[in-house]
Each structure stands twice: as structure tokens, then as C-alpha cells.
file protein-v2.cif (mmCIF, C-alpha atoms)
data_upload
#
loop_
_atom_site.label_atom_id
_atom_site.label_comp_id
_atom_site.auth_asym_id
_atom_site.auth_seq_id
_atom_site.Cartn_x
_atom_site.Cartn_y
_atom_site.Cartn_z
CA MET A 801 -33.33 3.97 -43.10
CA SER A 802 -34.76 7.19 -44.46
CA SER A 803 -35.81 7.59 -48.06
CA ALA A 804 -36.26 10.36 -50.61
CA HIS A 805 -38.58 10.74 -53.61
CA ASP A 806 -37.14 11.20 -57.12
CA THR A 807 -38.76 13.23 -59.86
CA LYS A 808 -40.79 10.26 -61.13
CA GLY A 809 -42.32 9.65 -57.69
CA THR A 810 -40.47 6.49 -56.92
CA VAL A 811 -38.97 6.05 -53.53
CA ARG A 812 -35.25 5.65 -53.47
CA PRO A 813 -32.98 5.32 -50.44
CA GLU A 814 -31.11 8.38 -49.25
CA SER A 815 -27.52 8.76 -49.92
CA HIS A 816 -25.43 6.43 -47.89
CA ASN A 817 -22.83 9.17 -47.36
CA ASN A 818 -25.22 11.17 -45.18
CA THR A 819 -25.72 8.24 -42.80
CA VAL A 820 -22.00 7.59 -42.57
CA SER A 821 -21.21 11.24 -41.87
CA ASN A 822 -23.80 11.28 -39.05
CA SER A 823 -22.44 8.09 -37.53
CA ILE A 824 -18.85 9.34 -37.27
CA PRO A 825 -19.64 12.10 -34.79
CA ALA A 826 -21.87 9.69 -32.90
CA SER A 827 -19.07 7.18 -32.76
CA ASP A 828 -16.67 9.88 -31.61
CA SER A 829 -19.05 10.94 -28.86
CA VAL A 830 -19.50 7.33 -27.76
CA ASP A 831 -15.74 6.91 -27.68
CA ALA A 832 -15.34 10.13 -25.74
CA ALA A 833 -18.10 9.13 -23.32
CA ALA A 834 -16.53 5.71 -22.89
CA ARG A 835 -13.14 7.30 -22.25
CA ARG A 836 -14.66 9.65 -19.68
CA ALA A 837 -16.49 6.74 -18.06
CA PHE A 838 -13.34 4.62 -17.94
CA GLY A 839 -11.36 7.61 -16.67
CA SER A 840 -13.90 8.26 -13.94
CA THR A 841 -13.99 4.57 -13.05
CA THR A 842 -10.20 4.53 -12.95
CA GLN A 843 -10.13 7.55 -10.65
CA TYR A 844 -12.79 6.00 -8.43
CA LEU A 845 -10.95 2.69 -8.21
CA GLN A 846 -7.65 4.47 -7.50
CA ALA A 847 -9.31 6.46 -4.72
CA GLU A 848 -10.81 3.27 -3.29
CA LEU A 849 -7.42 1.54 -3.42
CA GLU A 850 -5.75 4.52 -1.73
CA ALA A 851 -8.45 4.55 0.96
CA SER A 852 -8.05 0.80 1.47
CA GLY A 853 -4.28 1.28 1.62
CA SER A 854 -4.70 4.03 4.21
CA ASP A 855 -7.04 1.81 6.23
CA LEU A 856 -4.57 -1.05 6.08
CA GLY A 857 -1.74 1.29 7.12
CA LEU A 858 -3.79 2.47 10.08
CA LEU A 859 -4.63 -1.11 11.05
CA GLU A 860 -0.96 -2.01 10.84
CA LYS A 861 -0.07 0.88 13.16
CA LEU A 862 -2.83 -0.15 15.57
CA ASN A 863 -1.60 -3.75 15.52
CA ASP A 864 1.97 -2.61 16.17
CA ALA A 865 0.80 -0.42 19.07
CA SER A 866 -1.25 -3.31 20.47
CA ILE A 867 1.69 -5.69 20.17
CA THR A 868 3.93 -3.24 21.99
CA LYS A 869 1.34 -2.67 24.72
CA TYR A 870 0.68 -6.39 25.26
CA GLU A 871 4.38 -7.21 25.24
CA GLY A 872 4.79 -4.66 28.04
CA LEU A 873 1.87 -6.14 29.94
CA SER A 874 3.31 -9.62 29.45
CA ARG A 875 6.66 -8.49 30.87
CA GLN A 876 4.92 -6.90 33.84
CA ALA A 877 2.92 -10.07 34.48
CA GLN A 878 6.09 -12.18 34.31
CA ASP A 879 7.84 -9.79 36.71
CA MET A 880 4.88 -10.00 39.07
CA LEU A 881 5.06 -13.81 38.98
CA VAL A 882 8.76 -13.68 39.84
CA HIS A 883 8.08 -11.29 42.73
CA ALA A 884 5.15 -13.40 43.96
CA TYR A 885 7.40 -16.47 43.93
CA LYS A 886 10.10 -14.60 45.89
CA ILE A 887 7.53 -13.39 48.42
CA LYS A 888 6.21 -16.93 48.84
CA GLN A 889 9.76 -18.22 49.36
CA THR A 890 10.47 -15.50 51.92
CA TYR A 891 7.22 -16.27 53.72
CA ASN A 892 8.04 -19.99 53.80
CA GLU A 893 11.52 -19.19 55.15
CA MET A 894 10.06 -16.92 57.83
CA LYS A 895 7.14 -19.20 58.73
CA SER A 896 8.90 -20.74 61.73
CA GLN A 897 10.05 -17.31 62.92
CA ILE A 898 6.52 -15.96 62.54
CA ALA A 899 5.28 -18.91 64.61
CA GLN A 900 7.87 -18.07 67.28
CA VAL A 901 6.77 -14.42 67.29
CA ASP A 902 3.14 -15.50 67.63
CA SER A 903 4.13 -17.74 70.55
CA LEU A 904 6.03 -14.85 72.17
CA VAL A 905 3.01 -12.59 71.75
CA GLU A 906 0.84 -15.17 73.50
CA SER A 907 3.42 -15.50 76.29
CA VAL A 908 3.61 -11.71 76.71
CA ASP A 909 -0.21 -11.52 76.82
CA THR A 910 -0.28 -14.23 79.47
CA LEU A 911 2.51 -12.50 81.39
CA GLU A 912 0.64 -9.20 81.22
CA HIS A 913 -2.48 -10.87 82.54
CA VAL A 914 -0.50 -12.43 85.38
CA ALA A 915 1.11 -9.04 86.13
CA GLN A 916 -2.34 -7.43 86.35
CA GLU A 917 -3.51 -10.17 88.70
CA LEU A 918 -0.40 -9.71 90.84
CA ASP A 919 -0.99 -5.96 90.89
CA ARG A 920 -4.58 -6.43 92.08
CA TYR A 921 -3.48 -8.96 94.68
CA SER A 922 -0.69 -6.68 95.93
CA LEU A 923 -3.22 -3.81 96.25
CA GLN A 924 -5.47 -6.07 98.27
CA LEU A 925 -2.57 -7.08 100.48
CA GLU A 926 -1.55 -3.47 100.94
CA THR A 927 -5.09 -2.53 101.88
CA LYS A 928 -5.19 -5.35 104.45
CA PHE A 929 -1.79 -4.38 105.81
CA GLN A 930 -2.90 -0.75 106.15
CA LYS A 931 -5.97 -1.90 108.09
CA LEU A 932 -3.78 -4.01 110.40
CA LEU A 933 -1.47 -1.11 111.10
CA LYS A 934 -4.30 1.17 112.11
#
call {"tool": "encode", "arguments": {"input": "protein-v2.cif", "output": "C-alpha cells"}}
result
Amino acid sequence: MSSAHDTKGTVRPESHNNTVSNSIPASDSVDAAARRAFGSTTQYLQAELEASGSDLGLLEKLNDASITKYEGLSRQAQDMLVHAYKIKQTYNEMKSQIAQVDSLVESVDTLEHVAQELDRYSLQLETKFQKLLK
């Protein structure tokens, strides 16, 4: 607390009114600064909440897109399983016919080999016959 000297040289405290008048503007400036600080904090928190909301919205869209994509892939996989089962059934139904075709191929190969042998033998016979005629 500041003090002032009176005419007799004694120290007396300054007027209390001067201290009060100086503290009012200081209090007003503290209030104003606090309001600005709270306002800035409010704006910051609102911006953070909006950014978080935007992030969550984007994540939701990504999740929805992923769900859609994986549902499509799941349907394709199920369709492929159905087709694989049908192919396996068809193969099992045709197994005996495939075995018959394989057997026919072997028979044709054997027949072709026999035909080649007969052709060679008939050429040999023809050559011998030509020699006998001469």
C-alpha cells in the first residue's frame, strides 16, 4: 500500500478511493481477457469437435463403402462355391463317360499302330510279289 506525508511529517496511508478506482479498470481488463480467453477456447473446442465430426463422418462413409465391397465379394465367393459344386457334380456324372473316351482313345491308338504294321507288311509283300513277277 502506498503512503503520503502530511504537513506534520507523519506518514498516513493514501486515499482508499484511488486504489479502488485503479482496481476497477484492472478488474474490467481481467474480465475482458478472461472472456476473450474463454471465447477463443470455445472456438477452438468447437473447431476440434467439427473436425472430429468430419473425421467420424468420413470413417462412416469408408466403413459403408467397405461393407458394400465385402458384401459383393462375399456374394461372388458364394456364387463361385455354387459353380464349383456344379462343376464337381458334372465331372462326377461324366467320369464313366470320360473313362470310356479314354478307353476308346487307347483302342484307336492300338488300331492305328496295327494299321501301320499292316501297311508295312503289305508293302513288303508287294515288294516280294513284284520281285516274283519279274
call {"tool": "atom_distance", "arguments": {"input": "protein-v2.cif", "atom1": "CA of Gln876 in chain A", "atom2": "CA of Leu858 in chain A"}}
result
27.0 Å
call {"tool": "atom_distance", "arguments": {"input": "protein-v2.cif", "atom1": "CA of Ala837 in chain A", "atom2": "CA of Gly853 in chain A"}}
result
23.8 Å
call {"tool": "atom_distance", "arguments": {"input": "protein-v2.cif", "atom1": "CA of Gln878 in chain A", "atom2": "CA of Asn863 in chain A"}}
result
22.0 Å
